[in-house]
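Novice: Dropping the structure in here first, questions after.
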Amino acid sequence: MAGPERPQTSLAAKALVVVLAVVVAWIVLRVTFATVRLAFALAGYIIVAFLAYQLGKWVGRHSGPDEDEP
């Protein structure tokens, strides 16, 4: 004797779940990649600023005296 039949989910409902899962995954990945890209950009700006500062210090130490100083 078999138990009562379980109701079947329609094909449209299954397709809707798959489409919603794809859209949510797409949104999550876009936000994640945008955040990673922003972090890399910020790190790049910090590195360039640090290198420019170090270069400026080096040039300041190794430049000759100003001509207008007595």
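Residue names in the structure tokens use chain letters A, B, ... in the order shown, residue numbers from 1 in each chain, and ligand numbers from 1 in the order shown.
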From chain A, collect each residue whose DSSP state is alpha helix (DSSP H) and return the set as number ranges by chain.
Specialist: A: 11-62
